[in-house]
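**Q** Structure: data-v7.pdb, PDB, C-alpha atoms.
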```pdb
ATOM      1  CA  MET A   1      55.818   4.550   8.765
ATOM      2  CA  PHE A   2      52.076   4.668   8.108
ATOM      3  CA  GLU A   3      51.864   8.098   6.500
ATOM      4  CA  LYS A   4      49.883   6.674   3.558
ATOM      5  CA  VAL A   5      47.322   5.136   5.898
ATOM      6  CA  LEU A   6      46.917   8.385   7.828
ATOM      7  CA  LYS A   7      46.556  10.382   4.600
ATOM      8  CA  GLU A   8      43.992   7.912   3.277
ATOM      9  CA  LEU A   9      41.997   8.139   6.510
ATOM     10  CA  GLU A  10      42.022  11.920   6.215
ATOM     11  CA  ARG A  11      40.820  11.744   2.596
ATOM     12  CA  MET A  12      38.048   9.348   3.590
ATOM     13  CA  LYS A  13      36.515  11.998   5.848
ATOM     14  CA  ARG A  14      35.393  13.676   2.625
ATOM     15  CA  MET A  15      34.673  10.414   0.810
ATOM     16  CA  GLN A  16      31.288   9.801  -0.796
ATOM     17  CA  VAL A  17      30.259   6.466  -2.275
ATOM     18  CA  SER A  18      27.643   6.628  -5.020
ATOM     19  CA  ILE A  19      25.783   3.372  -5.578
ATOM     20  CA  PRO A  20      23.457   3.078  -8.590
ATOM     21  CA  VAL A  21      19.994   1.557  -8.234
ATOM     22  CA  GLU A  22      18.511  -0.456 -11.083
ATOM     23  CA  THR A  23      14.934  -0.238 -12.322
ATOM     24  CA  ASP A  24      12.802  -3.287 -12.989
ATOM     25  CA  GLU A  25      12.091  -4.441 -16.542
ATOM     26  CA  ASP A  26       9.258  -1.903 -16.860
ATOM     27  CA  GLY A  27      11.459   1.007 -15.779
ATOM     28  CA  TYR A  28      10.183   1.386 -12.195
ATOM     29  CA  TYR A  29      12.277   2.136  -9.084
ATOM     30  CA  ASP A  30      11.634   0.323  -5.799
ATOM     31  CA  LYS A  31      10.532   2.616  -2.952
ATOM     32  CA  GLU A  32       9.468   2.098   0.673
ATOM     33  CA  CYS A  33       7.494   4.217   3.123
ATOM     34  CA  PRO A  34       9.880   5.494   5.842
ATOM     35  CA  SER A  35       7.199   5.407   8.557
ATOM     36  CA  GLU A  36       8.021   2.557  10.953
ATOM     37  CA  ASN A  37       4.305   1.914  11.376
ATOM     38  CA  CYS A  38       3.904   1.306   7.636
ATOM     39  CA  LEU A  39       7.036   0.362   5.599
ATOM     40  CA  PHE A  40       4.786  -0.166   2.564
ATOM     41  CA  GLN A  41       6.804  -0.998  -0.560
ATOM     42  CA  PHE A  42       5.813   0.367  -3.963
ATOM     43  CA  LYS A  43       7.347   1.377  -7.285
ATOM     44  CA  VAL A  44       7.611   4.650  -9.188
ATOM     45  CA  LEU A  45       8.372   5.070 -12.879
ATOM     46  CA  ALA A  46      11.978   6.299 -13.094
ATOM     47  CA  GLU A  47      11.091   8.924 -15.723
ATOM     48  CA  ASP A  48       8.455  10.467 -13.456
ATOM     49  CA  TRP A  49      10.696  10.213 -10.382
ATOM     50  CA  SER A  50      13.238  12.388 -12.175
ATOM     51  CA  ASN A  51      10.882  14.797 -13.932
ATOM     52  CA  LYS A  52       7.757  15.158 -11.787
ATOM     53  CA  PHE A  53       8.559  14.437  -8.164
ATOM     54  CA  ASN A  54       9.443  17.199  -5.700
ATOM     55  CA  ASP A  55      12.611  16.378  -3.734
ATOM     56  CA  ASP A  56      11.051  17.755  -0.556
ATOM     57  CA  SER A  57       7.761  15.885  -0.668
ATOM     58  CA  VAL A  58       6.842  12.294  -1.504
ATOM     59  CA  TYR A  59       3.760  10.474  -0.208
ATOM     60  CA  CYS A  60       3.286   6.846   0.753
ATOM     61  CA  PRO A  61       0.511   5.395  -1.451
ATOM     62  CA  LEU A  62      -0.917   3.378   1.460
ATOM     63  CA  CYS A  63      -0.795   5.618   4.564
ATOM     64  CA  GLY A  64      -0.125   9.069   3.048
ATOM     65  CA  HIS A  65       3.055   9.682   5.117
ATOM     66  CA  ASN A  66       4.958  12.632   3.632
ATOM     67  CA  ALA A  67       8.764  12.969   3.589
ATOM     68  CA  PRO A  68      11.660  14.047   1.291
ATOM     69  CA  THR A  69      12.677  11.760  -1.578
ATOM     70  CA  ASP A  70      15.884  10.522   0.081
ATOM     71  CA  ASN A  71      13.801   8.940   2.864
ATOM     72  CA  PHE A  72      12.136   6.458   0.517
ATOM     73  CA  TRP A  73      14.992   3.988  -0.009
ATOM     74  CA  THR A  74      13.916   0.417   0.652
ATOM     75  CA  THR A  75      15.349  -1.566   3.550
ATOM     76  CA  GLU A  76      17.115  -3.860   1.070
ATOM     77  CA  GLN A  77      18.670  -0.916  -0.794
ATOM     78  CA  ILE A  78      19.977   0.603   2.440
ATOM     79  CA  GLU A  79      21.476  -2.690   3.629
ATOM     80  CA  GLN A  80      23.136  -3.440   0.288
ATOM     81  CA  GLY A  81      24.370   0.148   0.052
ATOM     82  CA  LYS A  82      25.944  -0.056   3.518
ATOM     83  CA  GLU A  83      27.626  -3.331   2.631
ATOM     84  CA  GLN A  84      29.158  -1.941  -0.556
ATOM     85  CA  ALA A  85      30.255   1.285   1.173
ATOM     86  CA  ILE A  86      31.952  -0.702   3.963
ATOM     87  CA  ASN A  87      33.723  -2.853   1.359
ATOM     88  CA  GLN A  88      34.967   0.285  -0.355
ATOM     89  CA  VAL A  89      36.340   1.663   2.906
ATOM     90  CA  LYS A  90      38.011  -1.662   3.784
ATOM     91  CA  ASN A  91      39.578  -1.892   0.346
ATOM     92  CA  ARG A  92      41.042   1.635   0.447
ATOM     93  CA  ILE A  93      42.473   1.110   3.937
ATOM     94  CA  ASN A  94      43.966  -2.235   2.889
ATOM     95  CA  GLU A  95      45.513  -0.589  -0.183
ATOM     96  CA  ALA A  96      47.065   2.057   2.055
ATOM     97  CA  PHE A  97      48.506  -0.567   4.432
ATOM     98  CA  SER A  98      49.844  -2.576   1.481
ATOM     99  CA  GLU A  99      51.581   0.484   0.015
ATOM    100  CA  SER A 100      53.024   1.379   3.438
ATOM    101  CA  ALA A 101      54.441  -2.131   3.794
ATOM    102  CA  LYS A 102      56.039  -1.987   0.324
ATOM    103  CA  GLU A 103      57.560   1.436   1.073
ATOM    104  CA  PHE A 104      58.935   0.207   4.404
ATOM    105  CA  ASN A 105      60.594  -2.783   2.693
ATOM    106  CA  ARG A 106      62.123  -0.588  -0.032
ATOM    107  CA  LYS A 107      63.817   1.602   2.590
ATOM    108  CA  GLN A 108      65.530  -1.290   4.387
ATOM    109  CA  PRO A 109      69.372  -1.271   4.064
ATOM    110  CA  LYS A 110      70.909  -4.028   1.935
ATOM    111  CA  GLY A 111      73.408  -6.578   3.317
ATOM    112  CA  GLY A 112      73.210  -5.466   6.952
ATOM    113  CA  PHE A 113      73.553  -7.724   9.980
ATOM    114  CA  LEU A 114      69.873  -7.287  10.792
ATOM    115  CA  THR A 115      67.130  -6.917   8.208
ATOM    116  CA  MET A 116      63.432  -6.364   8.694
ATOM    117  CA  LYS A 117      60.562  -7.002   6.350
ATOM    118  CA  MET A 118      56.913  -5.983   6.689
ATOM    119  CA  GLU A 119      54.223  -8.192   5.232
ATOM    120  CA  PHE A 120      50.570  -7.212   4.811
ATOM    121  CA  LYS A 121      48.080 -10.055   4.412
ATOM    122  CA  GLY A 122      44.822  -8.140   3.985
ATOM    123  CA  SER A 123      42.914  -8.307   0.714
ATOM    124  CA  THR A 124      43.654  -5.581  -1.812
ATOM    125  CA  THR A 125      41.380  -6.862  -4.530
ATOM    126  CA  SER A 126      39.634  -4.007  -6.272
ATOM    127  CA  SER A 127      35.937  -3.888  -5.285
ATOM    128  CA  PHE A 128      33.549  -2.652  -7.941
ATOM    129  CA  ILE A 129      30.370  -0.747  -7.151
ATOM    130  CA  LEU A 130      27.520  -2.960  -8.300
ATOM    131  CA  PRO A 131      24.032  -1.592  -9.042
ATOM    132  CA  ILE A 132      21.406  -2.606  -6.498
ATOM    133  CA  PRO A 133      18.963  -4.880  -8.364
ATOM    134  CA  ALA A 134      15.223  -4.211  -8.495
ATOM    135  CA  LYS A 135      12.527  -6.546  -7.235
ATOM    136  CA  LYS A 136      10.070  -8.124  -9.637
ATOM    137  CA  GLU A 137       7.315  -6.014 -11.198
ATOM    138  CA  LEU A 138       4.161  -5.339  -9.194
ATOM    139  CA  GLU A 139       0.826  -6.262 -10.729
ATOM    140  CA  GLN A 140      -1.252  -3.134 -10.215
ATOM    141  CA  LYS A 141      -0.026  -0.142 -12.233
ATOM    142  CA  ILE A 142      -1.708   3.205 -11.540
ATOM    143  CA  THR A 143      -1.651   6.596 -13.243
ATOM    144  CA  CYS A 144      -2.657   9.516 -11.026
ATOM    145  CA  SER A 145      -5.739  11.221 -12.444
ATOM    146  CA  LYS A 146      -4.516  14.580 -11.126
ATOM    147  CA  CYS A 147      -0.785  14.842 -11.905
ATOM    148  CA  GLY A 148      -0.292  11.900 -14.300
ATOM    149  CA  SER A 149       2.498  10.263 -12.306
ATOM    150  CA  ARG A 150       2.811   6.518 -12.781
ATOM    151  CA  TYR A 151       3.391   4.087  -9.954
ATOM    152  CA  SER A 152       2.660   0.476  -9.069
ATOM    153  CA  VAL A 153       1.638  -1.322  -5.897
ATOM    154  CA  LEU A 154       0.747  -4.723  -4.531
ATOM    155  CA  GLY A 155      -2.730  -4.628  -3.045
ATOM    156  CA  SER A 156      -4.337  -1.252  -2.320
ATOM    157  CA  ALA A 157      -3.199   2.328  -2.853
ATOM    158  CA  PHE A 158      -4.990   5.440  -1.669
ATOM    159  CA  PHE A 159      -2.558   8.328  -2.308
ATOM    160  CA  CYS A 160      -0.505   9.421  -5.304
ATOM    161  CA  PRO A 161       3.170   9.315  -4.203
ATOM    162  CA  CYS A 162       3.923  12.416  -6.278
ATOM    163  CA  CYS A 163       1.112  14.858  -5.387
ATOM    164  CA  GLY A 164      -0.654  13.081  -2.526
ATOM    165  CA  TYR A 165      -4.013  13.146  -4.301
ATOM    166  CA  ASN A 166      -6.551  10.787  -2.710
ATOM    167  CA  SER A 167      -8.920   9.696  -5.458
ATOM    168  CA  VAL A 168     -12.300   8.714  -4.059
ATOM    169  CA  ILE A 169     -12.908   6.551  -7.140
ATOM    170  CA  GLU A 170      -9.616   4.676  -6.808
ATOM    171  CA  THR A 171     -10.222   4.237  -3.087
ATOM    172  CA  PHE A 172     -13.646   2.731  -3.755
ATOM    173  CA  ASP A 173     -12.331   0.467  -6.521
ATOM    174  CA  ASN A 174      -9.490  -0.749  -4.296
ATOM    175  CA  SER A 175     -11.899  -1.475  -1.453
ATOM    176  CA  ILE A 176     -14.128  -3.508  -3.756
ATOM    177  CA  LYS A 177     -11.147  -5.480  -5.085
ATOM    178  CA  LYS A 178     -10.129  -6.271  -1.514
ATOM    179  CA  ILE A 179     -13.628  -7.557  -0.678
ATOM    180  CA  GLU A 180     -13.798  -9.672  -3.852
ATOM    181  CA  SER A 181     -10.322 -11.095  -3.229
ATOM    182  CA  LYS A 182     -11.295 -12.003   0.337
ATOM    183  CA  ILE A 183     -14.423 -13.863  -0.797
ATOM    184  CA  ASN A 184     -12.751 -15.528  -3.787
ATOM    185  CA  ASN A 185     -10.085 -16.983  -1.499
ATOM    186  CA  ILE A 186     -12.418 -18.237   1.224
ATOM    187  CA  GLU A 187     -11.915 -21.928   0.413
ATOM    188  CA  THR A 188      -8.140 -21.550   0.308
ATOM    189  CA  ILE A 189      -8.229 -19.873   3.712
ATOM    190  CA  ARG A 190     -10.592 -22.531   5.082
ATOM    191  CA  LYS A 191      -8.270 -25.355   3.990
ATOM    192  CA  ALA A 192      -5.171 -23.635   5.380
ATOM    193  CA  VAL A 193      -6.699 -22.954   8.809
ATOM    194  CA  THR A 194      -8.344 -26.406   8.961
ATOM    195  CA  GLU A 195      -4.866 -27.914   9.153
ATOM    196  CA  ILE A 196      -4.564 -26.163  12.524
ATOM    197  CA  SER A 197      -8.151 -26.473  13.739
ATOM    198  CA  ALA A 198     -11.444 -27.166  11.963
ATOM    199  CA  ASP A 199     -13.268 -25.084  14.567
ATOM    200  CA  GLU A 200     -10.912 -22.115  14.074
ATOM    201  CA  ALA A 201     -11.325 -22.453  10.313
ATOM    202  CA  GLU A 202     -15.111 -22.043  10.492
ATOM    203  CA  LEU A 203     -14.866 -19.082  12.864
ATOM    204  CA  THR A 204     -12.269 -17.399  10.642
ATOM    205  CA  VAL A 205     -14.270 -17.949   7.453
ATOM    206  CA  ARG A 206     -17.506 -16.701   9.007
ATOM    207  CA  SER A 207     -15.741 -13.589  10.301
ATOM    208  CA  LEU A 208     -14.224 -12.868   6.879
ATOM    209  CA  ILE A 209     -17.561 -13.262   5.095
ATOM    210  CA  GLU A 210     -19.456 -11.090   7.561
ATOM    211  CA  SER A 211     -16.765  -8.412   7.465
ATOM    212  CA  GLY A 212     -17.320  -8.257   3.696
ATOM    213  CA  LEU A 213     -20.755  -6.718   4.299
ATOM    214  CA  SER A 214     -19.309  -4.103   6.629
ATOM    215  CA  ASP A 215     -16.405  -3.311   4.277
ATOM    216  CA  GLY A 216     -18.797  -2.898   1.358
ATOM    217  CA  VAL A 217     -21.146  -0.513   3.161
ATOM    218  CA  VAL A 218     -18.222   1.542   4.517
ATOM    219  CA  ALA A 219     -16.704   1.817   1.017
ATOM    220  CA  PHE A 220     -20.093   2.900  -0.347
ATOM    221  CA  GLN A 221     -20.511   5.467   2.451
ATOM    222  CA  HIS A 222     -17.056   6.938   1.820
ATOM    223  CA  PHE A 223     -17.564   7.210  -1.942
ATOM    224  CA  CYS A 224     -21.063   8.697  -1.685
ATOM    225  CA  GLU A 225     -20.218  11.212   1.019
ATOM    226  CA  LEU A 226     -17.139  12.659  -0.679
ATOM    227  CA  THR A 227     -18.734  12.611  -4.132
ATOM    228  CA  TYR A 228     -21.900  14.280  -2.838
ATOM    229  CA  LEU A 229     -19.915  17.013  -1.058
ATOM    230  CA  GLU A 230     -18.026  17.774  -4.278
ATOM    231  CA  ASN A 231     -21.229  18.006  -6.362
ATOM    232  CA  ARG A 232     -23.942  19.304  -4.005
ATOM    233  CA  LYS A 233     -25.888  22.443  -4.895
ATOM    234  CA  THR A 234     -26.052  23.902  -1.380
ATOM    235  CA  ASP A 235     -23.795  24.075   1.685
ATOM    236  CA  GLU A 236     -26.269  22.119   3.788
ATOM    237  CA  LYS A 237     -24.524  19.809   6.243
ATOM    238  CA  ILE A 238     -25.168  16.103   5.798
ATOM    239  CA  LYS A 239     -26.012  13.685   8.575
ATOM    240  CA  PHE A 240     -23.266  11.525  10.045
ATOM    241  CA  ASN A 241     -22.903   8.280   8.032
ATOM    242  CA  ALA A 242     -25.980   9.302   6.018
ATOM    243  CA  PHE A 243     -25.190   6.949   3.132
ATOM    244  CA  GLN A 244     -25.219   3.876   5.376
ATOM    245  CA  ASN A 245     -28.971   4.383   5.368
ATOM    246  CA  LEU A 246     -30.459   3.848   1.895
ATOM    247  CA  GLU A 247     -33.563   5.960   2.554
ATOM    248  CA  ILE A 248     -31.640   8.960   3.868
ATOM    249  CA  GLY A 249     -28.868   8.682   1.273
ATOM    250  CA  ALA A 250     -31.349   8.514  -1.583
ATOM    251  CA  LYS A 251     -32.829  11.899  -0.621
ATOM    252  CA  TYR A 252     -29.427  13.580  -0.925
ATOM    253  CA  TRP A 253     -28.905  12.265  -4.479
ATOM    254  CA  GLU A 254     -32.397  13.397  -5.437
ATOM    255  CA  THR A 255     -31.376  17.006  -4.690
ATOM    256  CA  ILE A 256     -28.696  16.715  -7.388
ATOM    257  CA  PHE A 257     -30.109  14.313  -9.982
ATOM    258  CA  ASN A 258     -33.867  14.338  -9.304
ATOM    259  CA  GLU A 259     -33.595  10.544  -9.127
ATOM    260  CA  SER A 260     -31.889   7.974  -6.963
ATOM    261  CA  TYR A 261     -31.418   4.325  -6.031
ATOM    262  CA  GLN A 262     -34.921   3.106  -6.839
ATOM    263  CA  ASP A 263     -34.567   4.628 -10.317
ATOM    264  CA  TRP A 264     -31.249   2.884 -10.912
ATOM    265  CA  LEU A 265     -32.121  -0.531  -9.474
ATOM    266  CA  SER A 266     -35.039  -2.851 -10.147
ATOM    267  CA  LYS A 267     -37.619  -3.254  -7.400
ATOM    268  CA  ASN A 268     -36.195  -6.641  -6.470
ATOM    269  CA  GLU A 269     -32.607  -5.351  -6.485
ATOM    270  CA  TYR A 270     -33.485  -2.478  -4.183
ATOM    271  CA  TRP A 271     -35.264  -4.907  -1.816
ATOM    272  CA  GLU A 272     -32.176  -7.173  -1.761
ATOM    273  CA  LEU A 273     -29.832  -4.244  -1.148
ATOM    274  CA  ASN A 274     -31.959  -2.955   1.710
ATOM    275  CA  ILE A 275     -31.848  -6.375   3.413
ATOM    276  CA  LEU A 276     -28.059  -6.500   3.053
ATOM    277  CA  PHE A 277     -27.695  -3.010   4.536
ATOM    278  CA  GLN A 278     -29.945  -3.994   7.450
ATOM    279  CA  LYS A 279     -27.921  -7.181   7.999
ATOM    280  CA  ARG A 280     -24.756  -5.113   8.143
ATOM    281  CA  HIS A 281     -26.433  -2.853  10.726
ATOM    282  CA  LEU A 282     -27.334  -5.882  12.873
ATOM    283  CA  LEU A 283     -23.776  -7.210  12.729
ATOM    284  CA  ALA A 284     -22.367  -3.832  13.718
ATOM    285  CA  HIS A 285     -24.768  -3.038  16.551
ATOM    286  CA  ARG A 286     -26.395  -6.291  17.762
ATOM    287  CA  GLU A 287     -23.844  -9.028  16.981
ATOM    288  CA  GLY A 288     -26.199 -10.168  14.234
ATOM    289  CA  ILE A 289     -29.158 -10.912  16.554
ATOM    290  CA  VAL A 290     -32.518 -10.126  14.903
ATOM    291  CA  ASP A 291     -34.810  -7.596  16.584
ATOM    292  CA  GLU A 292     -38.209  -6.168  15.703
ATOM    293  CA  LYS A 293     -36.642  -3.114  14.061
ATOM    294  CA  TYR A 294     -34.698  -5.334  11.612
ATOM    295  CA  ILE A 295     -37.844  -7.170  10.491
ATOM    296  CA  GLN A 296     -39.743  -3.890  10.204
ATOM    297  CA  LYS A 297     -37.074  -2.041   8.178
ATOM    298  CA  SER A 298     -35.945  -4.946   5.999
ATOM    299  CA  GLY A 299     -39.232  -6.730   5.433
ATOM    300  CA  ASP A 300     -37.229  -9.937   5.825
ATOM    301  CA  THR A 301     -39.700 -12.402   7.362
ATOM    302  CA  ARG A 302     -37.358 -15.370   7.063
ATOM    303  CA  TYR A 303     -36.114 -14.702  10.600
ATOM    304  CA  LYS A 304     -37.788 -14.457  13.979
ATOM    305  CA  ILE A 305     -36.789 -12.100  16.787
ATOM    306  CA  GLY A 306     -33.829 -13.540  18.706
ATOM    307  CA  GLN A 307     -32.392 -15.530  15.815
ATOM    308  CA  ARG A 308     -28.984 -14.721  14.365
ATOM    309  CA  ILE A 309     -28.688 -13.788  10.695
ATOM    310  CA  VAL A 310     -26.659 -15.955   8.325
ATOM    311  CA  VAL A 311     -24.368 -14.321   5.745
ATOM    312  CA  LYS A 312     -23.077 -16.330   2.776
ATOM    313  CA  GLU A 313     -20.412 -15.544   0.191
ATOM    314  CA  LYS A 314     -23.147 -14.902  -2.384
ATOM    315  CA  ASP A 315     -24.628 -12.203  -0.118
ATOM    316  CA  VAL A 316     -21.354 -10.272  -0.064
ATOM    317  CA  MET A 317     -20.869 -10.597  -3.822
ATOM    318  CA  ASN A 318     -24.474  -9.478  -4.347
ATOM    319  CA  LEU A 319     -23.828  -6.407  -2.206
ATOM    320  CA  VAL A 320     -20.715  -5.627  -4.264
ATOM    321  CA  ARG A 321     -22.688  -5.988  -7.499
ATOM    322  CA  LEU A 322     -25.503  -3.695  -6.368
ATOM    323  CA  ILE A 323     -23.379  -0.906  -4.864
ATOM    324  CA  ASN A 324     -21.162  -1.053  -7.943
ATOM    325  CA  LYS A 325     -24.272  -0.533 -10.075
ATOM    326  CA  ILE A 326     -25.219   2.567  -8.069
ATOM    327  CA  VAL A 327     -21.668   3.948  -8.046
ATOM    328  CA  ASN A 328     -21.387   3.507 -11.821
ATOM    329  CA  GLU A 329     -24.647   5.457 -12.299
ATOM    330  CA  ILE A 330     -23.321   8.284 -10.142
ATOM    331  CA  ARG A 331     -19.984   8.318 -11.971
ATOM    332  CA  ILE A 332     -21.748   8.547 -15.325
ATOM    333  CA  LYS A 333     -23.922  11.427 -14.144
ATOM    334  CA  ILE A 334     -21.008  13.466 -12.759
ATOM    335  CA  GLY A 335     -18.825  12.662 -15.764
ATOM    336  CA  THR A 336     -16.003  10.629 -14.187
TER
END
```
Let's see the structure in the file written out as structure tokens.
**A**
Amino acid sequence: MFEKVLKELERMKRMQVSIPVETDEDGYYDKECPSENCLFQFKVLAEDWSNKFNDDSVYCPLCGHNAPTDNFWTTEQIEQGKEQAINQVKNRINEAFSESAKEFNRKQPKGGFLTMKMEFKGSTTSSFILPIPAKKELEQKITCSKCGSRYSVLGSAFFCPCCGYNSVIETFDNSIKKIESKINNIETIRKAVTEISADEAELTVRSLIESGLSDGVVAFQHFCELTYLENRKTDEKIKFNAFQNLEIGAKYWETIFNESYQDWLSKNEYWELNILFQKRHLLAHREGIVDEKYIQKSGDTRYKIGQRIVVKEKDVMNLVRLINKIVNEIRIKIGT
């Protein structure tokens, strides 16, 4: 009686449902990192996805996780794809039941004492495969300086999704943008947290401002170390975190350029930068409490031993300005 249903179920063992995915208005596909610890969403230009990407190897722009291309569907695409596939299966089974019912009714004898009729009430409306829509465009569009692939992200990106290249320049620029965004939004954050607790708001804001110094010095260290290693004239090992110390870091650049920070900054700028680096050191190692070594190395006589340093938004933005000035000098000299 249900031969059609059984045949349809057998055919469905080999069934494949192909669901198209739309690009956004700029021609980018939505992608998502498959690592459960990340799930970072980004976009890739459809043209490059087809012509440049290796099916066996795609990288997450945020964490660098590497996996085949078919692992980078977004959560939304997978859920919508499952829903459409299930609808297709339901529709084909319903069609088979409907046809079986019609065939059963056609075979019933006419005019007999007892007649039987089968009625199927399931939906047999044809279900079309609809393209999965794209999310809105992301603001930051990036072109890999190594392979030329184009992708876009929200926030920071450290790896090219096509070749995995980690650009030290892009990493530095992204870190600086993050610091500037944090400082520029301080008042918005203060107001939002104040609605919960004024005390918590001040603690949160102070923590964000002070972390800006640390983030800036770390970004500077990372850029200088990798750039120096790529351009050094000897294989001499460098000291651990050498570029977190202006005096030590300057000597390394002098071996390449015969000049360094004090040649690129004014006397007052170098003095300001040194104080900011020393403040960062205090925050990292002494919870910001002034000791004799801080006063000696910074020349900052505004504090006495035992006091705690104060860091303002302008201090963080000044640090960003000064390290940017040094980084730009280095980039010019190495031709990047």
**Q** Given the choices A:Gln278, A:Gln244, A:Asn66, A:Ser57, which gets closest to Lys293 of chain A if the distance is worked out from only C-alpha atoms?
**A**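 Selected residue with least distance to Lys293 of chain A: A:Gln278.
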**Q** Which residue out of A:Leu208, A:Ala242, A:Ala201, A:Ile176 has the minimum interatomic distance to Gln221 of chain A when all atoms listed in the file are used?
**A** A:Ala242
**Q** Would you please work out which residue, of A:Ile189, A:Cys160, A:Leu213, A:Cys63, is nearest to Ser145 of chain A when using all atoms listed in the file?
**A**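 Of all the options, A:Cys160 lies closest to Ser145 of chain A.
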**Q** Within 12 Å of (-20.2, -4.9, 1.8), only C-alpha atoms: residues as a ChimeraX atom specification?
**A** /A:172,175-180,182-183,208-221,244,273-281,283,311-324
**Q** So which residues touch Asn174 of chain A within 9 Å, counting all atoms listed in the file, skipping near sequence neighbours fewer than 4 positions away, as a PyMOL selection string?
**A** chain A and resi 155-158+169-170+178-179
**Q** What does the structure give for the distance between atom CA of Glu259 of chain A and atom CA of Arg232 of chain A, in Å to one decimal?
**A**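 Computing the Euclidean distance for atom CA of Glu259 of chain A and atom CA of Arg232 of chain A yields 14.0 Å.
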**Q** I'd like the interatomic distance between atom CA of Leu39 of chain A and atom CA of Asp24 of chain A, to a tenth of an Å.
**A**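 Distance reported for this atom pair: 19.8 Å.
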**Q** For Cys144 of chain A, list every protein, DNA or RNA residue within 8 Å, evaluated using only C-alpha atoms, and leave out those in the same chain fewer than 5 positions away; present the list as an mmCIF file with C-alpha atoms, in the coordinates of the input.
**A**
```cif
data_model
loop_
_atom_site.group_PDB
_atom_site.id
_atom_site.type_symbol
_atom_site.label_atom_id
_atom_site.label_comp_id
_atom_site.auth_asym_id
_atom_site.auth_seq_id
_atom_site.Cartn_x
_atom_site.Cartn_y
_atom_site.Cartn_z
ATOM 1 C CA SER A 149 2.498 10.263 -12.306
ATOM 2 C CA ARG A 150 2.811 6.518 -12.781
ATOM 3 C CA CYS A 160 -0.505 9.421 -5.304
ATOM 4 C CA TYR A 165 -4.013 13.146 -4.301
#
```
**Q** Taking (10.8, 6.9, -5.8) in the file's coordinates as the center, which residues reach within 9 Å of it, counting only C-alpha atoms, put as a ChimeraX atom specification?
**A** /A:28-32,42-46,48-50,53,58,69-70,72-73,151,161-162
**Q** Go ahead and compute the interatomic distance for atom CA of Ile295 of chain A and atom CA of Lys267 of chain A, in Å to one decimal.
**A**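 Atom CA of Lys267 of chain A lies 18.3 Å from atom CA of Ile295 of chain A.
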**Q** Under the rule that all atoms listed in the file are counted, which of A:Asn231, A:Glu79, A:Gly164, A:Cys33 is the nearest residue to Asn54 of chain A?
**A**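 So, comparing all the options, the nearest one is A:Gly164.
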**Q** From the set A:Glu195, A:Lys304, A:Arg190, A:Val168, which residue has the shortest atom-to-atom contact distance to Leu229 of chain A, counting only C-alpha atoms?
**A**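 Using only C-alpha atoms, Leu229 of chain A sits closest to A:Val168.
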**Q** Just so the selection is clear, what residues does the PyMOL selection byres ((chain A and resi 329) around 12) cover here, as number ranges by chain?
**A** A: 224, 253, 257, 259-265, 322-328, 330-336
**Q** Restricting the calculation to only C-alpha atoms, which member of A:Pro61, A:Val21, A:Lys136, A:Arg286 is positioned closest to Gln80 of chain A?
**A** A:Val21
**Q** Which residues are near Ile289 of chain A? Cut-off 8 Å, all atoms listed in the file, ignore same chain within fewer than 4 positions. Put them as an NGL selection string.
**A** :A and (282-283 or 305-309)
**Q** What do you get, as a list in words, if you spell out every residue that the PyMOL selection byres ((chain A and resi 252) around 9) selects here?
**A**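 So the PyMOL selection byres ((chain A and resi 252) around 9) ends up selecting Tyr228, Arg232, Ile238, Ala242, Phe243, Ile248, Gly249, Ala250, Lys251, Trp253, Glu254, Thr255, Ile256 and Ser260 of chain A.
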